[in-house]
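Shown here: entry27.cif, mmCIF, C-alpha atoms.
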```
data_my_file
loop_
_atom_site.label_atom_id
_atom_site.label_comp_id
_atom_site.auth_asym_id
_atom_site.auth_seq_id
_atom_site.Cartn_x
_atom_site.Cartn_y
_atom_site.Cartn_z
CA MET A 1086 13.32 32.69 25.33
CA LEU A 1087 11.68 30.57 22.59
CA LEU A 1088 11.96 33.38 20.06
CA SER A 1089 15.71 33.55 20.60
CA ILE A 1090 16.22 30.37 18.53
CA PHE A 1091 14.82 32.08 15.43
CA PRO A 1092 17.18 34.30 13.45
CA VAL A 1093 16.75 38.05 13.20
CA TRP A 1094 15.30 38.55 9.72
CA SER A 1095 17.24 41.69 8.85
CA GLU A 1096 20.57 40.01 9.64
CA LEU A 1097 20.01 37.14 7.18
CA ASP A 1098 21.37 37.10 3.64
CA VAL A 1099 18.93 36.80 0.72
CA LEU A 1100 19.47 33.05 0.13
CA THR A 1101 18.81 32.24 3.78
CA GLN A 1102 15.66 34.39 3.72
CA VAL A 1103 14.47 32.49 0.61
CA TYR A 1104 15.08 29.17 2.34
CA TRP A 1105 13.16 30.32 5.43
CA VAL A 1106 10.24 31.53 3.26
CA ILE A 1107 10.08 28.09 1.63
CA THR A 1108 10.75 26.01 4.74
CA ALA A 1109 8.40 27.57 7.32
CA PRO A 1110 5.05 27.14 5.51
CA VAL A 1111 5.97 23.78 3.96
CA THR A 1112 6.95 22.40 7.37
CA LEU A 1113 3.59 23.51 8.74
CA ILE A 1114 1.83 21.77 5.82
CA PHE A 1115 4.00 18.69 6.44
CA PHE A 1116 2.85 18.48 10.06
CA VAL A 1117 -0.81 18.98 9.06
CA ILE A 1118 -0.50 16.10 6.55
CA LEU A 1119 1.24 13.99 9.20
CA ILE A 1120 -1.55 14.59 11.71
CA LEU A 1121 -4.24 13.90 9.10
CA THR A 1122 -2.48 10.68 8.12
CA ILE A 1123 -2.20 9.54 11.74
CA PHE A 1124 -5.90 10.13 12.33
CA GLY A 1125 -6.97 8.28 9.19
CA SER A 1126 -7.55 10.93 6.55
CA ASP A 1127 -6.07 10.22 3.13
CA LEU A 1128 -5.08 13.49 1.50
CA GLU A 1129 -4.39 11.85 -1.85
CA SER A 1130 -8.00 10.65 -2.14
CA ASP A 1131 -9.35 14.00 -0.91
CA VAL A 1132 -7.46 16.00 -3.55
CA GLN A 1133 -9.16 15.57 -6.92
CA THR A 1134 -7.43 16.51 -10.15
CA GLY A 1135 -8.38 16.10 -13.80
CA PHE A 1136 -5.66 13.46 -14.18
CA ASP A 1137 -7.01 11.39 -11.29
CA SER A 1138 -10.53 11.30 -12.70
CA SER A 1139 -9.29 10.06 -16.08
CA ILE A 1140 -7.98 6.84 -14.52
CA ALA A 1141 -10.62 4.13 -14.81
CA ASP A 1142 -11.64 1.95 -11.87
CA GLY A 1143 -9.17 -0.87 -11.40
CA ASP A 1144 -6.31 1.03 -13.01
CA SER A 1145 -3.54 2.33 -10.82
CA ILE A 1146 -0.18 3.94 -11.02
CA PRO A 1147 2.12 1.58 -9.14
CA PHE A 1148 4.89 4.07 -8.33
CA GLN A 1149 3.71 7.64 -7.79
CA PHE A 1150 6.78 9.84 -7.72
CA LEU A 1151 4.72 13.03 -7.94
CA SER A 1152 2.07 13.21 -5.26
CA VAL A 1153 1.03 15.83 -2.73
CA LYS A 1154 2.89 14.04 0.06
CA SER A 1155 6.11 13.56 -1.90
CA ILE A 1156 6.16 17.19 -3.11
CA VAL A 1157 5.66 18.45 0.44
CA GLY A 1158 8.39 16.02 1.56
CA PHE A 1159 10.70 17.38 -1.15
CA PHE A 1160 10.31 21.00 -0.09
CA THR A 1161 10.53 20.15 3.61
CA MET A 1162 13.82 18.28 3.14
CA PHE A 1163 15.04 20.85 0.61
CA GLY A 1164 14.43 23.70 3.05
CA TRP A 1165 15.83 22.19 6.21
CA SER A 1166 18.90 20.71 4.55
CA GLY A 1167 19.55 24.05 2.83
CA LEU A 1168 19.24 25.95 6.09
CA GLY A 1169 21.55 23.49 7.80
CA LEU A 1170 24.15 23.76 5.05
CA LEU A 1171 23.92 27.57 5.04
CA SER A 1172 24.49 27.71 8.79
CA GLY A 1173 27.52 25.45 8.27
CA GLY A 1174 29.12 27.96 5.93
CA VAL A 1175 28.83 25.94 2.70
CA ALA A 1176 29.07 27.82 -0.60
CA PRO A 1177 25.66 29.01 -1.91
CA TRP A 1178 25.84 27.08 -5.20
CA LEU A 1179 26.68 23.88 -3.32
CA VAL A 1180 23.86 24.53 -0.83
CA ILE A 1181 21.32 24.70 -3.65
CA LEU A 1182 22.70 21.58 -5.35
CA LEU A 1183 22.85 19.51 -2.16
CA SER A 1184 19.43 20.61 -0.92
CA VAL A 1185 17.85 19.70 -4.29
CA ILE A 1186 19.53 16.27 -4.06
CA CYS A 1187 18.27 15.83 -0.48
CA GLY A 1188 14.75 16.80 -1.57
CA LEU A 1189 14.82 14.34 -4.48
CA LEU A 1190 16.05 11.57 -2.19
CA MET A 1191 13.15 12.33 0.14
CA MET A 1192 10.69 12.10 -2.78
CA VAL A 1193 12.13 8.74 -3.85
CA ALA A 1194 12.02 7.47 -0.28
CA MET A 1195 8.40 8.53 0.21
CA ALA A 1196 7.25 7.20 -3.17
CA SER A 1197 8.99 3.89 -2.44
CA LEU A 1198 7.45 3.71 1.01
CA PHE A 1199 3.92 4.21 -0.29
CA TYR A 1200 4.55 1.83 -3.20
CA PHE A 1201 5.65 -0.98 -0.89
CA MET A 1202 2.84 -0.22 1.55
CA SER A 1203 0.33 -0.56 -1.31
CA LYS A 1204 1.73 -4.04 -2.01
CA LEU A 1205 0.72 -5.09 1.52
CA THR A 1206 -2.98 -4.86 0.72
CA ASP A 1207 -5.03 -7.97 0.02
CA SER A 1208 -7.82 -7.85 -2.54
CA GLY A 1209 -9.78 -10.59 -0.75
CA THR A 1210 -10.47 -12.36 -4.03
CA LEU A 1211 -10.40 -16.12 -3.62
CA ASN A 1212 -7.83 -17.88 -5.80
CA MET A 1213 -9.24 -21.40 -6.07
CA LYS A 1214 -5.81 -22.84 -6.95
CA ASN A 1215 -4.78 -22.09 -3.34
CA ALA A 1216 -7.15 -24.85 -2.21
CA ILE A 1217 -5.22 -27.63 -4.00
CA GLY A 1218 -3.59 -29.96 -1.48
CA ARG A 1219 -5.65 -28.64 1.43
CA LEU A 1220 -7.62 -30.85 3.78
CA GLY A 1221 -11.23 -30.12 4.61
CA GLU A 1222 -14.52 -31.58 5.80
CA VAL A 1223 -17.58 -32.52 3.77
CA TYR A 1224 -20.47 -30.18 4.50
CA LEU A 1225 -23.02 -31.71 2.11
CA THR A 1226 -22.60 -35.28 0.81
CA ILE A 1227 -20.65 -35.52 -2.43
CA PRO A 1228 -22.16 -38.07 -4.89
CA ALA A 1229 -19.81 -40.71 -6.34
CA ASN A 1230 -18.26 -40.65 -9.82
CA ARG A 1231 -19.02 -36.96 -10.52
CA LYS A 1232 -22.76 -37.67 -10.58
CA GLY A 1233 -23.55 -34.59 -8.58
CA MET A 1234 -22.10 -31.83 -6.50
CA GLY A 1235 -21.67 -31.53 -2.77
CA LYS A 1236 -20.06 -28.94 -0.54
CA VAL A 1237 -16.89 -28.93 1.52
CA GLN A 1238 -15.52 -26.60 4.16
CA LEU A 1239 -11.82 -25.82 4.30
CA THR A 1240 -9.46 -23.03 5.17
CA VAL A 1241 -8.21 -21.14 2.11
CA GLN A 1242 -6.31 -17.85 2.21
CA GLY A 1243 -6.74 -17.55 5.96
CA SER A 1244 -10.52 -18.00 6.21
CA ILE A 1245 -12.94 -20.91 6.31
CA ARG A 1246 -14.79 -21.28 3.02
CA THR A 1247 -17.70 -23.47 1.92
CA LEU A 1248 -17.11 -24.49 -1.69
CA ASP A 1249 -18.71 -26.77 -4.29
CA ALA A 1250 -17.00 -30.13 -4.78
CA ILE A 1251 -17.17 -33.30 -6.87
CA THR A 1252 -15.30 -36.58 -6.59
CA ASP A 1253 -14.07 -39.46 -8.76
CA ASP A 1254 -14.43 -41.90 -5.82
CA SER A 1255 -16.70 -44.89 -6.46
CA GLU A 1256 -18.56 -44.31 -3.16
CA PRO A 1257 -20.25 -41.08 -2.04
CA ILE A 1258 -18.32 -39.05 0.51
CA VAL A 1259 -20.73 -38.44 3.38
CA THR A 1260 -21.09 -35.38 5.59
CA SER A 1261 -18.31 -34.85 8.16
CA SER A 1262 -15.80 -37.00 6.21
CA LEU A 1263 -12.30 -35.66 5.76
CA ILE A 1264 -11.27 -34.86 2.19
CA GLU A 1265 -8.22 -33.66 0.28
CA VAL A 1266 -8.49 -31.27 -2.66
CA LEU A 1267 -6.89 -32.70 -5.81
CA ASP A 1268 -7.71 -30.09 -8.46
CA VAL A 1269 -9.96 -27.21 -9.47
CA ILE A 1270 -12.37 -27.76 -12.36
CA ASP A 1271 -13.69 -24.82 -14.39
CA GLN A 1272 -12.05 -22.48 -11.85
CA GLN A 1273 -14.96 -22.92 -9.43
CA ILE A 1274 -15.50 -26.59 -8.48
CA LEU A 1275 -13.09 -28.59 -6.34
CA LEU A 1276 -12.17 -32.15 -7.26
CA VAL A 1277 -11.68 -34.00 -3.98
CA LYS A 1278 -10.96 -37.47 -2.63
CA ARG A 1279 -11.65 -39.09 0.71
CA ASN A 1280 -8.70 -38.68 3.04
#
```

Can the structure from this file be put into structure tokens for me?
Amino acid sequence: MLLSIFPVWSELDVLTQVYWVITAPVTLIFFVILILTIFGSDLESDVQTGFDSSIADGDSIPFQFLSVKSIVGFFTMFGWSGLGLLSGGVAPWLVILLSVICGLLMMVAMASLFYFMSKLTDSGTLNMKNAIGRLGEVYLTIPANRKGMGKVQLTVQGSIRTLDAITDDSEPIVTSSLIEVLDVIDQQILLVKRN
């Protein structure tokens, strides 16, 4: 019963046979990649090429049009759209043209998807400027008139941080006092005032 959905090979024309030869193995590879992706394996990092190793740490290609996943996506869409068009009676030259266009659209869609997904990652690096205007609590007393450094605790970028702080206030700001961050000095020390 299940085998009745597959065409009889000898009854197919040459173009349809070519499309089946391309489509069947690529679809199998597509499902293997899909299963590996679902269960956490990253095929792109597992496949090493000479080009990949020449990219230094910290460098990246923001929009990867040619990748293993997008090439497999191209041939999968190319094959199935071609087979669908052939079964619909479309002219062979138009089948090839339309299936190439469908494959290219799939590559663009997949490359765009992975590009935008890569933008969702967070490096975790603290940008001290994000602390300006935030309220916090003194952890270690901050000496008056920038005569020494204390520590404050505040929420920056979604997590509680303990950071060095100084103040221009004429009185020390004691532990457990509320403060407001006014500025960042030397990109590492917060300038605060009593709130």

Using the chain letters and numbering of this document, enumerate as a list in words the residues selected by the PyMOL selection byres ((chain A and resi 1265-1279) around 7).
Met1213, Lys1214, Ala1216, Ile1217, Gly1218, Arg1219, Leu1220, Gly1221, Asp1249, Ala1250, Ile1251, Thr1252, Asp1254, Ile1258, Leu1263, Ile1264 and Asn1280 of chain A

Show me, as a list in words, the residues that have an atom within 12 Å of Gly1169 in chain A when counting only C-alpha atoms, minus same-chain residues fewer than 3 positions from it.
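My reading of the contact set: Thr1101, Tyr1104, Trp1105, Thr1108, Met1162, Phe1163, Gly1164, Trp1165, Ser1166, Ser1172, Gly1173, Gly1174, Val1175, Pro1177, Val1180, Ile1181, Leu1183, Ser1184 and Cys1187 of chain A.
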
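Proximity ranking of A:Phe1199, A:Leu1182, A:Asn1215, A:Thr1260 relative to Gly1235 in chain A places A:Thr1260 first, based on all atoms listed in the file.
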
Do you know which residues the PyMOL selection byres ((chain A and resi 1159) around 8) returns on this file, as a ChimeraX atom specification?
/A:1155-1158,1160-1163,1187-1192

Any chance you could work out the axis-aligned box around range 1251-1263 of chain A, listed atoms only, 3 Å on each side, giving centre and edge lengths in Å to one decimal, as JSON?
```
{"center_x": -16.7, "center_y": -39.1, "center_z": -0.3, "size_x": 14.8, "size_y": 17.6, "size_z": 22.9}
```

As a check of understanding, name the residues that the PyMOL selection byres ((chain A and resi 1242) around 10) selects in the supplied structure, as a PDB file with C-alpha atoms, in the coordinates of the input.
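File part_18.pdb, as written:
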```pdb
ATOM      1  CA  GLY A1209      -9.780 -10.590  -0.750  1.00  0.00           C
ATOM      2  CA  THR A1210     -10.470 -12.360  -4.030  1.00  0.00           C
ATOM      3  CA  LEU A1211     -10.400 -16.120  -3.620  1.00  0.00           C
ATOM      4  CA  ASN A1212      -7.830 -17.880  -5.800  1.00  0.00           C
ATOM      5  CA  MET A1213      -9.240 -21.400  -6.070  1.00  0.00           C
ATOM      6  CA  ASN A1215      -4.780 -22.090  -3.340  1.00  0.00           C
ATOM      7  CA  ALA A1216      -7.150 -24.850  -2.210  1.00  0.00           C
ATOM      8  CA  LEU A1239     -11.820 -25.820   4.300  1.00  0.00           C
ATOM      9  CA  THR A1240      -9.460 -23.030   5.170  1.00  0.00           C
ATOM     10  CA  VAL A1241      -8.210 -21.140   2.110  1.00  0.00           C
ATOM     11  CA  GLY A1243      -6.740 -17.550   5.960  1.00  0.00           C
ATOM     12  CA  SER A1244     -10.520 -18.000   6.210  1.00  0.00           C
ATOM     13  CA  ILE A1245     -12.940 -20.910   6.310  1.00  0.00           C
ATOM     14  CA  ARG A1246     -14.790 -21.280   3.020  1.00  0.00           C
TER      15      ARG A1246
END
```

In Å, rounded to a single decimal, give me how far CA of Lys1154 in chain A is from CA of Ile1118 in chain A.
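Between CA of Ile1118 in chain A and CA of Lys1154 in chain A the gap works out to 7.6 Å.
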
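Taking CA of Val1106 in chain A and CA of Trp1178 in chain A as the two end points, the separation is 18.3 Å.
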
A straight line from CA of Glu1096 in chain A to CA of Pro1110 in chain A spans 20.6 Å

Which is closer to Met1195 in chain A than all the others in A:Ala1176, A:Ser1095, A:Val1153, A:Leu1171, using all atoms listed in the file?
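Using all atoms listed in the file, the shortest distance to Met1195 in chain A belongs to A:Val1153.
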
Which one is closest to Gln1238 in chain A: A:Ser1262, A:Pro1257, A:Val1117, A:Gln1102? Count only C-alpha atoms.
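Of all the options, A:Ser1262 lies closest to Gln1238 in chain A.
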